[in-house]
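S.K.: Coordinates in my_file11.pdb, PDB, C-alpha atoms, pLDDT in the B column, are listed below.
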ATOM      1  CA  MET A 160      10.431  19.960 -11.242  1.00 65.00           C
ATOM      2  CA  ASP A 161       7.914  17.171 -10.905  1.00 77.00           C
ATOM      3  CA  VAL A 162       5.761  16.392  -7.878  1.00 80.00           C
ATOM      4  CA  TYR A 163       5.428  12.802  -6.652  1.00 83.00           C
ATOM      5  CA  ARG A 164       3.267  11.012  -4.099  1.00 81.00           C
ATOM      6  CA  LEU A 165       5.134   8.352  -2.168  1.00 87.00           C
ATOM      7  CA  ASP A 166       3.541   5.945   0.274  1.00 89.00           C
ATOM      8  CA  TYR A 167       5.577   5.615   3.444  1.00 93.00           C
ATOM      9  CA  VAL A 168       5.537   3.630   6.665  1.00 95.00           C
ATOM     10  CA  LEU A 169       6.426   5.246   9.993  1.00 96.00           C
ATOM     11  CA  HIS A 170       7.489   2.729  12.634  1.00 96.00           C
ATOM     12  CA  GLU A 171       7.275   3.366  16.363  1.00 96.00           C
ATOM     13  CA  PRO A 172      10.531   3.388  18.358  1.00 96.00           C
ATOM     14  CA  THR A 173      11.863  -0.024  19.361  1.00 92.00           C
ATOM     15  CA  GLU A 174      14.965  -1.245  21.107  1.00 94.00           C
ATOM     16  CA  GLU A 175      16.120  -2.778  17.803  1.00 90.00           C
ATOM     17  CA  HIS A 176      16.241   0.722  16.256  1.00 86.00           C
ATOM     18  CA  GLY A 177      17.790   2.459  19.257  1.00 93.00           C
ATOM     19  CA  TRP A 178      14.436   3.743  20.505  1.00 96.00           C
ATOM     20  CA  MET A 179      14.204   6.041  17.482  1.00 97.00           C
ATOM     21  CA  TYR A 180      11.388   6.428  14.983  1.00 97.00           C
ATOM     22  CA  TRP A 181      12.091   4.759  11.664  1.00 96.00           C
ATOM     23  CA  ALA A 182      10.390   5.503   8.350  1.00 97.00           C
ATOM     24  CA  GLU A 183      10.678   3.964   4.914  1.00 97.00           C
ATOM     25  CA  VAL A 184       9.361   4.397   1.390  1.00 95.00           C
ATOM     26  CA  PRO A 185       8.930   0.786   0.222  1.00 95.00           C
ATOM     27  CA  ALA A 186       8.796   1.813  -3.453  1.00 94.00           C
ATOM     28  CA  LEU A 187      12.313   3.311  -3.302  1.00 95.00           C
ATOM     29  CA  GLN A 188      14.967   0.770  -2.418  1.00 94.00           C
ATOM     30  CA  GLY A 189      17.163   2.076   0.392  1.00 96.00           C
ATOM     31  CA  CYS A 190      14.852   4.975   1.260  1.00 97.00           C
ATOM     32  CA  ASN A 191      14.951   4.920   5.066  1.00 97.00           C
ATOM     33  CA  ALA A 192      15.327   7.540   7.779  1.00 97.00           C
ATOM     34  CA  TRP A 193      15.515   7.674  11.559  1.00 96.00           C
ATOM     35  CA  GLY A 194      14.733  10.445  14.020  1.00 97.00           C
ATOM     36  CA  ASP A 195      13.808  11.339  17.580  1.00 97.00           C
ATOM     37  CA  THR A 196      10.309  12.526  16.612  1.00 97.00           C
ATOM     38  CA  PRO A 197       7.876  11.610  13.861  1.00 97.00           C
ATOM     39  CA  SER A 198       8.251  15.017  12.188  1.00 96.00           C
ATOM     40  CA  GLU A 199      12.055  14.878  12.280  1.00 97.00           C
ATOM     41  CA  THR A 200      11.972  11.379  10.829  1.00 97.00           C
ATOM     42  CA  LEU A 201       9.666  12.392   7.986  1.00 96.00           C
ATOM     43  CA  GLU A 202      11.816  15.449   7.184  1.00 96.00           C
ATOM     44  CA  GLU A 203      14.834  13.171   6.869  1.00 97.00           C
ATOM     45  CA  LEU A 204      12.818  10.687   4.810  1.00 96.00           C
ATOM     46  CA  TRP A 205      11.758  13.491   2.445  1.00 93.00           C
ATOM     47  CA  ALA A 206      15.393  14.458   1.894  1.00 96.00           C
ATOM     48  CA  VAL A 207      16.446  10.863   1.200  1.00 97.00           C
ATOM     49  CA  ALA A 208      13.522  10.240  -1.178  1.00 95.00           C
ATOM     50  CA  ARG A 209      14.244  13.441  -3.077  1.00 92.00           C
ATOM     51  CA  ALA A 210      17.920  12.503  -3.457  1.00 95.00           C
ATOM     52  CA  ILE A 211      17.047   9.010  -4.723  1.00 95.00           C
ATOM     53  CA  ILE A 212      14.557  10.324  -7.280  1.00 92.00           C
ATOM     54  CA  GLN A 213      16.960  12.996  -8.491  1.00 91.00           C
ATOM     55  CA  SER A 214      19.739  10.420  -8.819  1.00 95.00           C
ATOM     56  CA  LEU A 215      17.543   8.067 -10.849  1.00 92.00           C
ATOM     57  CA  LYS A 216      16.437  10.900 -13.137  1.00 89.00           C
ATOM     58  CA  GLU A 217      20.002  12.208 -13.627  1.00 93.00           C
ATOM     59  CA  ARG A 218      21.186   8.729 -14.616  1.00 96.00           C
ATOM     60  CA  GLY A 219      18.259   8.269 -17.007  1.00 94.00           C
ATOM     61  CA  LEU A 220      16.875   5.343 -15.022  1.00 92.00           C
ATOM     62  CA  PRO A 221      13.136   4.721 -14.750  1.00 90.00           C
ATOM     63  CA  LEU A 222      11.290   5.527 -11.548  1.00 89.00           C
ATOM     64  CA  PRO A 223       9.542   2.608  -9.837  1.00 90.00           C
ATOM     65  CA  SER A 224       5.964   2.153 -11.022  1.00 85.00           C
ATOM     66  CA  GLU A 225       4.694   2.779  -7.468  1.00 85.00           C
ATOM     67  CA  VAL A 226       5.974   6.365  -7.587  1.00 81.00           C
ATOM     68  CA  ALA A 227       2.782   8.173  -8.514  1.00 61.00           C
ATOM     69  CA  PRO A 228       1.864  11.685  -9.574  1.00 57.00           C
ATOM     70  CA  ARG A 229       0.720  14.021  -6.820  1.00 58.00           C
ATOM     71  CA  ASP A 230      -2.291  12.687  -4.908  1.00 51.00           C
ATOM     72  CA  MET A 231      -2.511  13.725  -1.263  1.00 49.00           C
ATOM     73  CA  ARG A 232      -3.716  11.163   1.253  1.00 51.00           C
ATOM     74  CA  GLU A 233      -2.764  10.108   4.737  1.00 51.00           C
ATOM     75  CA  GLY A 234       0.311   7.902   4.792  1.00 54.00           C
ATOM     76  CA  SER A 235       1.748   9.588   1.718  1.00 59.00           C
ATOM     77  CA  LEU A 236       4.661  11.930   1.346  1.00 60.00           C
ATOM     78  CA  THR A 237       4.537  14.489  -1.443  1.00 59.00           C
ATOM     79  CA  ILE A 238       7.908  15.703  -2.671  1.00 63.00           C
ATOM     80  CA  THR A 239       9.172  17.877  -5.449  1.00 60.00           C
ATOM     81  CA  ALA A 240      12.219  16.538  -7.273  1.00 56.00           C
TER      82      ALA A 240
END
Spell out the structure here as structure tokens.

M.R.:
Amino acid sequence: MDVYRLDYVLHEPTEEHGWMYWAEVPALQGCNAWGDTPSETLEELWAVARAIIQSLKERGLPLPSEVAPRDMREGSLTITA
């Protein structure tokens, strides 16, 4: 398994999103998650990102260039896929 660093954005709850937290990984199209707390939202985001990366790899498709090798920093999500 490979380890990837993914930049993410965690949005504060708004009426538009049902007063839930919303997070996204801009480098992975469709990688979004919602939750009642920041930690719940990021757990869901991790699961979605992992599934997207695994799907791309299984289909032999290239990963987006923004998906980088492991490099911990704030605002990044490190996953193993």

S.K.: How many Å separate atom CA of A:Ala210 from atom CA of A:Glu174?

M.R.: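 Separation of atom CA of A:Ala210 and atom CA of A:Glu174: 28.3 Å.
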
S.K.: Run the PyMOL selection byres ((chain A and resi 217-227) around 7) mentally over the shown coordinates, then write out the matched residues as a PyMOL selection string, using the chain letters and numbers from the document.

M.R.: chain A and resi 163-165+186+213-216+228-229

S.K.: Name the residues that the PyMOL selection byres ((chain A and resi 188-197) around 12) pulls out of this structure, and write them as a PyMOL selection string.

M.R.: chain A and resi 165-173+176-187+198-212+215+222-223+225-226

S.K.: Take stretch 183-219 of chain A, bring it up to N, CA and C atoms, and give me the output as an mmCIF file, in the frame of the given file.

M.R.:
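Saved the output as rebuild.cif:
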data_model
loop_
_atom_site.group_PDB
_atom_site.id
_atom_site.type_symbol
_atom_site.label_atom_id
_atom_site.label_comp_id
_atom_site.auth_asym_id
_atom_site.auth_seq_id
_atom_site.Cartn_x
_atom_site.Cartn_y
_atom_site.Cartn_z
ATOM 1 N N GLU A 183 10.183 4.496 6.179
ATOM 2 C CA GLU A 183 10.678 3.964 4.914
ATOM 3 C C GLU A 183 9.672 4.243 3.802
ATOM 4 N N VAL A 184 10.186 4.340 2.594
ATOM 5 C CA VAL A 184 9.361 4.397 1.390
ATOM 6 C C VAL A 184 9.609 3.073 0.671
ATOM 7 N N PRO A 185 8.698 2.107 0.805
ATOM 8 C CA PRO A 185 8.930 0.786 0.222
ATOM 9 C C PRO A 185 9.189 0.800 -1.282
ATOM 10 N N ALA A 186 8.631 1.762 -1.999
ATOM 11 C CA ALA A 186 8.796 1.813 -3.453
ATOM 12 C C ALA A 186 10.197 2.232 -3.879
ATOM 13 N N LEU A 187 10.954 2.851 -2.973
ATOM 14 C CA LEU A 187 12.313 3.311 -3.302
ATOM 15 C C LEU A 187 13.313 2.523 -2.477
ATOM 16 N N GLN A 188 13.996 1.608 -3.116
ATOM 17 C CA GLN A 188 14.967 0.770 -2.418
ATOM 18 C C GLN A 188 15.981 1.635 -1.679
ATOM 19 N N GLY A 189 16.186 1.350 -0.403
ATOM 20 C CA GLY A 189 17.163 2.076 0.392
ATOM 21 C C GLY A 189 16.667 3.386 0.958
ATOM 22 N N CYS A 190 15.394 3.705 0.773
ATOM 23 C CA CYS A 190 14.852 4.975 1.260
ATOM 24 C C CYS A 190 14.349 4.785 2.687
ATOM 25 N N ASN A 191 15.222 5.073 3.645
ATOM 26 C CA ASN A 191 14.951 4.920 5.066
ATOM 27 C C ASN A 191 15.455 6.149 5.798
ATOM 28 N N ALA A 192 14.851 6.434 6.942
ATOM 29 C CA ALA A 192 15.327 7.540 7.779
ATOM 30 C C ALA A 192 14.965 7.252 9.226
ATOM 31 N N TRP A 193 15.740 7.820 10.127
ATOM 32 C CA TRP A 193 15.515 7.674 11.559
ATOM 33 C C TRP A 193 15.477 9.057 12.181
ATOM 34 N N GLY A 194 14.779 9.175 13.315
ATOM 35 C CA GLY A 194 14.733 10.445 14.020
ATOM 36 C C GLY A 194 14.164 10.281 15.415
ATOM 37 N N ASP A 195 14.304 11.349 16.201
ATOM 38 C CA ASP A 195 13.808 11.339 17.580
ATOM 39 C C ASP A 195 12.305 11.584 17.659
ATOM 40 N N THR A 196 11.741 12.241 16.646
ATOM 41 C CA THR A 196 10.309 12.526 16.612
ATOM 42 C C THR A 196 9.754 12.120 15.249
ATOM 43 N N PRO A 197 8.445 11.930 15.164
ATOM 44 C CA PRO A 197 7.876 11.610 13.861
ATOM 45 C C PRO A 197 8.163 12.686 12.809
ATOM 46 N N SER A 198 8.031 13.954 13.175
ATOM 47 C CA SER A 198 8.251 15.017 12.188
ATOM 48 C C SER A 198 9.703 15.081 11.733
ATOM 49 N N GLU A 199 10.634 14.896 12.650
ATOM 50 C CA GLU A 199 12.055 14.878 12.280
ATOM 51 C C GLU A 199 12.344 13.713 11.340
ATOM 52 N N THR A 200 11.762 12.570 11.645
ATOM 53 C CA THR A 200 11.972 11.379 10.829
ATOM 54 C C THR A 200 11.437 11.581 9.420
ATOM 55 N N LEU A 201 10.252 12.169 9.306
ATOM 56 C CA LEU A 201 9.666 12.392 7.986
ATOM 57 C C LEU A 201 10.427 13.453 7.200
ATOM 58 N N GLU A 202 10.972 14.455 7.872
ATOM 59 C CA GLU A 202 11.816 15.449 7.184
ATOM 60 C C GLU A 202 13.041 14.778 6.582
ATOM 61 N N GLU A 203 13.666 13.903 7.362
ATOM 62 C CA GLU A 203 14.834 13.171 6.869
ATOM 63 C C GLU A 203 14.438 12.246 5.717
ATOM 64 N N LEU A 204 13.289 11.583 5.858
ATOM 65 C CA LEU A 204 12.818 10.687 4.810
ATOM 66 C C LEU A 204 12.580 11.458 3.515
ATOM 67 N N TRP A 205 12.007 12.645 3.610
ATOM 68 C CA TRP A 205 11.758 13.491 2.445
ATOM 69 C C TRP A 205 13.076 13.781 1.732
ATOM 70 N N ALA A 206 14.096 14.135 2.496
ATOM 71 C CA ALA A 206 15.393 14.458 1.894
ATOM 72 C C ALA A 206 16.000 13.249 1.194
ATOM 73 N N VAL A 207 15.897 12.083 1.807
ATOM 74 C CA VAL A 207 16.446 10.863 1.200
ATOM 75 C C VAL A 207 15.671 10.510 -0.068
ATOM 76 N N ALA A 208 14.340 10.562 -0.013
ATOM 77 C CA ALA A 208 13.522 10.240 -1.178
ATOM 78 C C ALA A 208 13.821 11.183 -2.335
ATOM 79 N N ARG A 209 13.942 12.454 -2.028
ATOM 80 C CA ARG A 209 14.244 13.441 -3.077
ATOM 81 C C ARG A 209 15.595 13.135 -3.733
ATOM 82 N N ALA A 210 16.592 12.806 -2.925
ATOM 83 C CA ALA A 210 17.920 12.503 -3.457
ATOM 84 C C ALA A 210 17.888 11.250 -4.339
ATOM 85 N N ILE A 211 17.141 10.237 -3.929
ATOM 86 C CA ILE A 211 17.047 9.010 -4.723
ATOM 87 C C ILE A 211 16.372 9.292 -6.062
ATOM 88 N N ILE A 212 15.268 10.018 -6.038
ATOM 89 C CA ILE A 212 14.557 10.324 -7.280
ATOM 90 C C ILE A 212 15.430 11.164 -8.206
ATOM 91 N N GLN A 213 16.086 12.165 -7.662
ATOM 92 C CA GLN A 213 16.960 12.996 -8.491
ATOM 93 C C GLN A 213 18.091 12.172 -9.099
ATOM 94 N N SER A 214 18.663 11.265 -8.323
ATOM 95 C CA SER A 214 19.739 10.420 -8.819
ATOM 96 C C SER A 214 19.258 9.524 -9.958
ATOM 97 N N LEU A 215 18.092 8.913 -9.786
ATOM 98 C CA LEU A 215 17.543 8.067 -10.849
ATOM 99 C C LEU A 215 17.302 8.872 -12.121
ATOM 100 N N LYS A 216 16.728 10.058 -11.973
ATOM 101 C CA LYS A 216 16.437 10.900 -13.137
ATOM 102 C C LYS A 216 17.721 11.346 -13.832
ATOM 103 N N GLU A 217 18.731 11.748 -13.048
ATOM 104 C CA GLU A 217 20.002 12.208 -13.627
ATOM 105 C C GLU A 217 20.703 11.096 -14.399
ATOM 106 N N ARG A 218 20.544 9.861 -13.955
ATOM 107 C CA ARG A 218 21.186 8.729 -14.616
ATOM 108 C C ARG A 218 20.313 8.140 -15.724
ATOM 109 N N GLY A 219 19.147 8.737 -15.948
ATOM 110 C CA GLY A 219 18.259 8.269 -17.007
ATOM 111 C C GLY A 219 17.586 6.945 -16.702
#
